[in-house]
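This report concerns only the one structure given below.
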Amino acid sequence: MAQPQETECAVCTNDFTIPKILPCGHLLCRECVISWMDSKHNAGCPLCRCPILEQSDGSSSDTVDALPTDFVMEALVESARVLSKDHLCCVCEDVRADFICMQCQDMMCSACTKVHSKLPGTRSHDVESVSTVTPERLAASRPALCADHGDKHAEFFCTNHSLAVCSACKANKHKVCPEVNILQDEAEAAQNSLTDLSKILVEAEQMLEQAIGQVTSRLQKIDVSEQKDMAQVDKACDRLHKLVEDVCNKLKDKSRTSHLQVRNSLRDVKTALSNRVGKVTSHKHIVTRAAAVSPRPALIHMTQALTDRVNSLDVRANLQREVWVEPLSSVECFEELVRRIVNELPMWKQQKTESKVKFSHL
C-alpha cells in the first residue's frame with residue numbers, strides 16, 4: 001500500500017500534482033520544480049542534491065515540461081484521495097458505505113450495492129469491501145476511457161497523439177493517423193517493456209551494489225594495510241628510540257598521506273557508484289510500481305519516457321585502475337635508513353669517543 005510520504009512532494013509536502021520524474025529518479029510537483037529552480041542557482045534535487053536539469057536555453061517551465069510525468073503516481077494520489085473521503089453512500093444521505101465499485105469508484109451501502117450489481121451497465125463491475133481496497137488496486141481497476149469522450153471505453157491507442165480513443169474517435173478524428181492500434185496490444189507491449197526495464201535495473205543495481213562492496217572491501221584492506229605499515233614503522237622507530245623520532249614522524253605523515261589519497265580516491269569512486277545505484281533504485285521503484293498498477297493509457301504514455309530515461313542512466317559498474325592502486329609504503333625506505341644509521345652509529349660513536357679524548361687533553 002502506498003504510504004502517505006510516498007505520495008507527498010518533498011518541497012510542498014502536499015500530495016503530488018503533476019509529479020515530474022527528475023533525472024535522479026525522485027519525484028516533485030511540476031510547479032515545485034519550477035519554483036525550486038527559479039529560487040536557486042544550479043538547483044539540485046532537495047532529496048539527493050543531484051542536478052535537476054542540464055543547462056538549457058529555454059524557460060524553466062519548458063524544461064520542466066520536458067521531464068517525464070509519473071502518471072501512475074497521479075493515479076495513486078487520486079485513488080488515495082477517493083479512499084480517504086468519508087465512507088458515505090453516494091446515493092443515500094448520511095448512510096455508511098461499506099463497499100466501493102472498483103470501476104465507478106463510488107462508495108455504496110449494502111442496499112445500493114445489490115442494486116448496482118443488477119443494473120445492466122454495472123452488473124459486470126467489481127464491488128469490494130472499502131476496508132480492504134488499497135490505492136494501488138483501485139488505480140489498477142480504473143477503466144481505460146476515451147480521451148475525448150470520458151464516458152466511453154477506449155478500445156484503441158493513437159501512437160501519433162499518445163491518446164486512448166474509442167472506436168468513434170478512431171473512425172473520425174484519428175482516421176488519418178498512421179498508427180492507431182488496439183489498446184490491449186499496446187498495453188501488453190508496454191507491460192513487456194516495463195518487465196524488460198525492470199530486469200535491466202535489477203541487474204544494474206546488483207552490479208553496482210557488488211562494485212560498492214568491492215570498494216568497501218578495498219577500503220577495509222587499506223585500513224589494515226595502514227595499521228600494519230604504522231606498526232612496522234613504530235617498531236623500526238623504537239630501534240632508534242628518540243634519535244630518529246623526527247624522521248619517524250615524517251615517514252608516518254608520508255604513509256598517512258599516501259593512504260589518505262588512496263582512501264579519498266576510493267571514497268570518490270564509492271560515492272559515484274552510490275549515486276548511480278541511487279538513481280537506478282529510484283527508477284526501478286518507478287518501473288516496478290508502473291508495472292504493478294498499469295493504468296493502460298498512462299502506462300503506454302510513460303513507457304517510452306521511462307525507456308529513454310533508463311537507457312540514459314549511467315550504470316557502469318566496472319572498477320577503474322585507480323581502485324587497485326596500492327598506497328606507498330614507508331617500510332623499505334625506513335629500513336634502509338635504519339641500516340644506514342646502524343652502520344654509521346659505530347663511526348659516530350668512535351668520533352664522539354675521539355672528540356671526548358681530544359677534549360680531555362685540552
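Naming scheme: A, B, ... for chains in displayed order of the C-alpha cells; residues 1 onward per chain; ligands 1 onward as shown.
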
Test item: residues at most 10 Å from A:Met302, only C-alpha atoms, excluding those fewer than 2 positions along its chain, as a VMD selection string
chain A and resid 68 to 72 162 190 287 290 297 to 300 304 to 308

Using only C-alpha atoms, which of the listed residues (A:Arg321, A:Lys152, A:Arg267, A:His87) sits closest to A:Ile212?
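Looking at the shortest contact to A:Ile212, the residue is A:Arg267.
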
Just want the 12 Å neighbourhood of A:Glu6, counted on only C-alpha atoms, with same-chain residues fewer than 6 positions away dropped. Output as JSON, numbers by chain.
{"A": [13, 14, 15, 16, 19, 26, 27, 28, 73, 74, 76, 77, 80, 135, 282, 285, 286, 289]}

DSSP on the backbone: what in stretch 6-220 of chain A comes out alpha helix (DSSP H), as a ChimeraX atom specification?
/A:30-39,60-65,71-84,110-116,135-140,167-171,183-220

Store the residues picked out above, limited to C-alpha atoms, as a PDB file, in the first residue's frame.
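part-v5.pdb, written as the output of this step:
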ATOM      1  CA  ARG A  30       5.676  20.356 -11.650  1.00  0.00           C
ATOM      2  CA  GLU A  31       5.157  23.765 -10.058  1.00  0.00           C
ATOM      3  CA  CYS A  32       7.503  22.877  -7.211  1.00  0.00           C
ATOM      4  CA  VAL A  33      10.296  22.015  -9.654  1.00  0.00           C
ATOM      5  CA  ILE A  34       9.784  25.325 -11.455  1.00  0.00           C
ATOM      6  CA  SER A  35       9.759  27.401  -8.248  1.00  0.00           C
ATOM      7  CA  TRP A  36      12.720  25.440  -6.839  1.00  0.00           C
ATOM      8  CA  MET A  37      14.753  26.080  -9.991  1.00  0.00           C
ATOM      9  CA  ASP A  38      13.785  29.760 -10.146  1.00  0.00           C
ATOM     10  CA  SER A  39      14.749  30.312  -6.499  1.00  0.00           C
ATOM     11  CA  SER A  60      12.200  26.720 -16.530  1.00  0.00           C
ATOM     12  CA  SER A  61       8.599  25.747 -17.318  1.00  0.00           C
ATOM     13  CA  ASP A  62       9.577  24.492 -20.777  1.00  0.00           C
ATOM     14  CA  THR A  63      12.482  22.460 -19.461  1.00  0.00           C
ATOM     15  CA  VAL A  64      10.395  21.018 -16.622  1.00  0.00           C
ATOM     16  CA  ASP A  65       7.638  20.067 -19.059  1.00  0.00           C
ATOM     17  CA  PHE A  71       1.031   9.163 -14.427  1.00  0.00           C
ATOM     18  CA  VAL A  72       0.980   6.120 -12.175  1.00  0.00           C
ATOM     19  CA  MET A  73       1.688   8.309  -9.146  1.00  0.00           C
ATOM     20  CA  GLU A  74      -1.079  10.655 -10.279  1.00  0.00           C
ATOM     21  CA  ALA A  75      -3.480   7.716 -10.328  1.00  0.00           C
ATOM     22  CA  LEU A  76      -2.295   6.589  -6.892  1.00  0.00           C
ATOM     23  CA  VAL A  77      -2.792  10.068  -5.431  1.00  0.00           C
ATOM     24  CA  GLU A  78      -6.306  10.271  -6.855  1.00  0.00           C
ATOM     25  CA  SER A  79      -7.172   6.769  -5.631  1.00  0.00           C
ATOM     26  CA  ALA A  80      -5.822   7.553  -2.156  1.00  0.00           C
ATOM     27  CA  ARG A  81      -7.910  10.727  -2.150  1.00  0.00           C
ATOM     28  CA  VAL A  82     -11.039   8.720  -3.019  1.00  0.00           C
ATOM     29  CA  LEU A  83     -10.392   6.222  -0.226  1.00  0.00           C
ATOM     30  CA  SER A  84      -9.664   8.954   2.328  1.00  0.00           C
ATOM     31  CA  SER A 110     -25.305  -2.695   1.242  1.00  0.00           C
ATOM     32  CA  ALA A 111     -28.686  -1.923  -0.318  1.00  0.00           C
ATOM     33  CA  CYS A 112     -27.263   0.182  -3.134  1.00  0.00           C
ATOM     34  CA  THR A 113     -24.579  -2.428  -3.725  1.00  0.00           C
ATOM     35  CA  LYS A 114     -27.259  -5.007  -4.509  1.00  0.00           C
ATOM     36  CA  VAL A 115     -28.944  -2.631  -6.959  1.00  0.00           C
ATOM     37  CA  HIS A 116     -25.586  -1.790  -8.527  1.00  0.00           C
ATOM     38  CA  PRO A 135      -4.904   2.841  -3.668  1.00  0.00           C
ATOM     39  CA  GLU A 136      -2.811   0.577  -5.914  1.00  0.00           C
ATOM     40  CA  ARG A 137      -5.677  -1.834  -6.571  1.00  0.00           C
ATOM     41  CA  LEU A 138      -8.175   0.972  -7.056  1.00  0.00           C
ATOM     42  CA  ALA A 139      -5.877   2.729  -9.535  1.00  0.00           C
ATOM     43  CA  ALA A 140      -5.264  -0.516 -11.432  1.00  0.00           C
ATOM     44  CA  SER A 167     -13.948   3.377 -31.978  1.00  0.00           C
ATOM     45  CA  ALA A 168     -15.874   6.500 -32.998  1.00  0.00           C
ATOM     46  CA  CYS A 169     -12.842   8.745 -32.490  1.00  0.00           C
ATOM     47  CA  LYS A 170     -10.683   6.255 -34.378  1.00  0.00           C
ATOM     48  CA  ALA A 171     -13.029   6.427 -37.344  1.00  0.00           C
ATOM     49  CA  LEU A 183      -5.321  -0.671 -26.873  1.00  0.00           C
ATOM     50  CA  GLN A 184      -4.881  -4.111 -25.346  1.00  0.00           C
ATOM     51  CA  ASP A 185      -1.985  -4.882 -27.714  1.00  0.00           C
ATOM     52  CA  GLU A 186      -0.278  -1.585 -26.867  1.00  0.00           C
ATOM     53  CA  ALA A 187      -0.819  -2.178 -23.153  1.00  0.00           C
ATOM     54  CA  GLU A 188       0.701  -5.650 -23.377  1.00  0.00           C
ATOM     55  CA  ALA A 189       3.673  -4.283 -25.320  1.00  0.00           C
ATOM     56  CA  ALA A 190       4.153  -1.577 -22.696  1.00  0.00           C
ATOM     57  CA  GLN A 191       3.913  -4.163 -19.925  1.00  0.00           C
ATOM     58  CA  ASN A 192       6.583  -6.267 -21.649  1.00  0.00           C
ATOM     59  CA  SER A 193       8.801  -3.194 -21.974  1.00  0.00           C
ATOM     60  CA  LEU A 194       8.391  -2.472 -18.273  1.00  0.00           C
ATOM     61  CA  THR A 195       9.324  -6.057 -17.479  1.00  0.00           C
ATOM     62  CA  ASP A 196      12.486  -5.702 -19.574  1.00  0.00           C
ATOM     63  CA  LEU A 197      13.293  -2.361 -17.929  1.00  0.00           C
ATOM     64  CA  SER A 198      12.811  -3.897 -14.508  1.00  0.00           C
ATOM     65  CA  LYS A 199      15.263  -6.690 -15.363  1.00  0.00           C
ATOM     66  CA  ILE A 200      17.820  -4.176 -16.625  1.00  0.00           C
ATOM     67  CA  LEU A 201      17.516  -2.064 -13.482  1.00  0.00           C
ATOM     68  CA  VAL A 202      17.645  -5.061 -11.145  1.00  0.00           C
ATOM     69  CA  GLU A 203      20.825  -6.326 -12.829  1.00  0.00           C
ATOM     70  CA  ALA A 204      22.354  -2.835 -12.818  1.00  0.00           C
ATOM     71  CA  GLU A 205      21.502  -2.399  -9.143  1.00  0.00           C
ATOM     72  CA  GLN A 206      23.086  -5.744  -8.289  1.00  0.00           C
ATOM     73  CA  MET A 207      26.245  -4.933 -10.258  1.00  0.00           C
ATOM     74  CA  LEU A 208      26.566  -1.506  -8.652  1.00  0.00           C
ATOM     75  CA  GLU A 209      25.982  -2.921  -5.182  1.00  0.00           C
ATOM     76  CA  GLN A 210      28.622  -5.562  -5.887  1.00  0.00           C
ATOM     77  CA  ALA A 211      31.037  -2.858  -7.040  1.00  0.00           C
ATOM     78  CA  ILE A 212      30.341  -0.848  -3.885  1.00  0.00           C
ATOM     79  CA  GLY A 213      31.008  -3.986  -1.852  1.00  0.00           C
ATOM     80  CA  GLN A 214      34.349  -4.422  -3.602  1.00  0.00           C
ATOM     81  CA  VAL A 215      35.290  -0.808  -2.918  1.00  0.00           C
ATOM     82  CA  THR A 216      34.234  -1.216   0.727  1.00  0.00           C
ATOM     83  CA  SER A 217      36.422  -4.309   0.969  1.00  0.00           C
ATOM     84  CA  ARG A 218      39.298  -2.390  -0.570  1.00  0.00           C
ATOM     85  CA  LEU A 219      38.816   0.398   1.971  1.00  0.00           C
ATOM     86  CA  GLN A 220      38.979  -2.151   4.774  1.00  0.00           C
TER      87      GLN A 220
END

List the spatial neighbours of A:Pro143 as a PyMOL selection string - criterion: any atom at most 9 Å away, only C-alpha atoms, same-chain residues fewer than 4 positions off excluded.
chain A and resi 103-104+153-154+295-296

Excluding same-chain residues fewer than 6 positions from A:Arg309, what lies within 10 Å of it counting only C-alpha atoms, as JSON, numbers by chain?
{"A": [21, 22, 23, 24, 25, 67, 68, 283, 303]}

Next, dump the selected residues to file, keeping only C-alpha atoms, as a PDB file, in the first residue's frame.
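Dumped to out-v3.pdb:
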ATOM      1  CA  ILE A  21      10.427  12.366 -12.649  1.00  0.00           C
ATOM      2  CA  LEU A  22      13.806  14.014 -12.026  1.00  0.00           C
ATOM      3  CA  PRO A  23      16.995  12.572 -13.575  1.00  0.00           C
ATOM      4  CA  CYS A  24      17.872  11.075 -10.174  1.00  0.00           C
ATOM      5  CA  GLY A  25      14.529   9.225 -10.038  1.00  0.00           C
ATOM      6  CA  LEU A  67      10.670  15.814 -17.866  1.00  0.00           C
ATOM      7  CA  PRO A  68       8.534  12.630 -17.838  1.00  0.00           C
ATOM      8  CA  HIS A 283      13.900   4.304 -11.385  1.00  0.00           C
ATOM      9  CA  THR A 303       6.794   3.678 -21.074  1.00  0.00           C
TER      10      THR A 303
END

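Inside stretch 155-272 of chain A, the residues DSSP reads as strand (DSSP E or B) when given the backbone are Phe156, Phe157, Cys158, Leu163, Ala164, Val165, Val180, Asn181 and Ile182 of chain A.
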
Find the residue from A:Val180, A:Ala236, A:Glu335, A:Leu163 that sits nearest to A:Ala144; use only C-alpha atoms when measuring.
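Closest to A:Ala144 of all the choices is A:Leu163.
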
Mind pulling up the distance from atom CA of A:Asp234 to atom CA of A:Ile222?
17.9 Å

So the first atom is atom CA of A:Ser258 and the second is atom CA of A:Phe334; what is the distance between them in Å, to one decimal place?
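Atom CA of A:Ser258 sits 15.3 Å away from atom CA of A:Phe334.
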